[in-house]
Amino acid sequence: MEYGLGYLRRKLAAKRSRVLTRYRYYDMKNQVQEVRGVIPEQFKGMTYALGWCAKAVDVLSDRLMFDGFDHDDFLLNEIFRLNNSDILFGSANLSALIASCSFLYIGRNADGYPAIQVIDGGSATGIIDPVTYMLSEGYAVLRRDENDKPTLEAYFRPGKTEYYENGKLVDVLTHKAPFALLVPVIYRPDAKRPFGHSRISRACMAVVQGVIRTMRRAEVSAEFYSFPQRYVLGLSEDAAPIIGDDKVKAVMSAFLDFRQDDKGGHPVVGQFDQQSMAPFTEQLRMFASVFAGETGLTPDDLGFSTDNPASSDAIRSSHEDLRLTARRAQRTFGVGYLNAGYLAACVRDDYAYQRKAFANTRLLWLPIFEPDAAGLASIGDAILKINQASEGFLGAKNIRTLTGLESDAQ
């Protein structure tokens, strides 16, 4: 059963707004929902940029370092290397964390070699196979005009990719691949949501909204904190009121002169208790703790210093949730990269390989937390003892996975 191009266009239109919302939070361009009647009008135009959502995404994305394919019988490493793999994998990881999934679009260069391009989750969709996590049909917007209207679209099916410019079919790419040449790279998929979940969750967005509102209230209170309110008791009814610039001069003046009246009375000058900024600081610290718990970070990552970790082991221990999250992301992203390599090999060789032919191909990742000098010494001792117990058990590939170091031995 084919769903058709029209169905996929409507499906993408229904999901695109959610993806763009996540990108606004990542780019720190999100709007703040105000509490009406509380903030003075002159303060409502103030904007604040808070990078906590970007931090939550970047901290995880920067730790996902794909190191290539092992048992690479079909030369998949060469395909990705010729497609700028250093940029390709980083861009796909980042977009998938923001939008819950990104897509690898496979086409052909002028010489017929496969070309792989990253498309964000707000510009592509498809019908996913729940077993292979490849698409039986796919749709992507490859180019938009200045009004965000699609001008170049692609409709992907097994054996064929159709290109539409301004709604008209302009080109067809035929191939031997048994799936659509659009591969999803998914973050945290499950049975209910096969296209995954965004790293920028609803809880993260709600916390950011609360932080920005707190910062705005603190800004309003800072005006009273900088210039505390004063009062004068006992002024005669004939005294001229202080207006305009005279009010500012009175507030800023280091000396005020009030004379006695003919009966010897004089005004009494006082000051209201000065407002403290401490409640706002504590509220921001509370929000930082909530956000850190939601994302696996620590308050130190969000700018609230506690105790500085003394070693890489302490850093790893404080980020245990982040390490587990990164491990799961490596597994799910790896499925997408292997599927893309499989389909690219079909395009390159113009042959319909079976998916099980790639079952022995393994994905390699650099360590999530690079060990320091003390950590390297501990790992070295462990490797020595393990190899003494079972000779040759840990070789150059295992050591690179554990340490990120590459041997110079030939």
# chains A, B, ... in the order shown; residues from 1 in each chain; ligands from 1
call {"tool": "residues_around", "arguments": {"residues": "stretch 18-21 of chain A", "least_positions_apart": "4", "cutoff": "9 Å", "atoms": "only C-alpha atoms", "output": "PyMOL selection string"}}
result
chain A and resi 14+25-26+30+98-100+120-122+198
call {"tool": "residues_around", "arguments": {"residues": "stretch 376-386 of chain A", "least_positions_apart": "2", "cutoff": "12 Å", "atoms": "only C-alpha atoms", "output": "PyMOL selection string"}}
result
chain A and resi 311-313+369-374+388-396+398-405
call {"tool": "select_by_dssp", "arguments": {"residues": "stretch 10-206 of chain A", "states": "strand (DSSP E or B)", "output": "ChimeraX atom specification"}}
result
/A:66-70,101-108,114-119,124-128,135-144,150-157,160-165,168-174,182-186
call {"tool": "atom_distance", "arguments": {"atom1": "atom CA of A:Glu137", "atom2": "atom CA of A:Ala180"}}
result
5.8 Å
call {"tool": "closest_residue", "arguments": {"among": "A:Ala345, A:Ala110, A:Leu97, A:Leu135", "to": "A:Tyr187", "atoms": "only C-alpha atoms"}}
result
A:Leu97
call {"tool": "atom_distance", "arguments": {"atom1": "atom CA of A:Ala96", "atom2": "atom CA of A:Val208"}}
result
20.6 Å
call {"tool": "closest_residue", "arguments": {"among": "A:Thr295, A:Ala13, A:Leu64, A:Gly336", "to": "A:Lys149", "atoms": "only C-alpha atoms"}}
result
A:Ala13
call {"tool": "closest_residue", "arguments": {"among": "A:Ser85, A:Thr132, A:Ser305, A:Thr281", "to": "A:Pro178", "atoms": "only C-alpha atoms"}}
result
A:Thr132
call {"tool": "residues_around", "arguments": {"residues": "A:Phe156", "least_positions_apart": "5", "cutoff": "10 Å", "atoms": "only C-alpha atoms", "output": "list in words"}}
result
Leu5, Tyr105, Gly126, Leu135, Ser136, Glu137, Gly138, Tyr139, Ala140, Thr161, Glu162, Tyr163, Val172, Leu173, Phe179, Ala180, Leu181 and Leu182 of chain A
call {"tool": "atom_distance", "arguments": {"atom1": "atom CA of A:His197", "atom2": "atom CA of A:Ser102"}}
result
11.5 Å
call {"tool": "residues_around", "arguments": {"residues": "A:Asn109", "least_positions_apart": "6", "cutoff": "12 Å", "atoms": "only C-alpha atoms", "output": "count of residues only"}}
result
9
call {"tool": "residues_around", "arguments": {"residues": "A:Val211", "least_positions_apart": "2", "cutoff": "12 Å", "atoms": "only C-alpha atoms", "output": "PyMOL selection string"}}
result
chain A and resi 32-34+48-53+204-209+213-218+280-291
call {"tool": "select_by_dssp", "arguments": {"residues": "stretch 15-166 of chain A", "states": "alpha helix (DSSP H)", "output": "PyMOL selection string"}}
result
chain A and resi 15-26+52-61+76-81+85-99
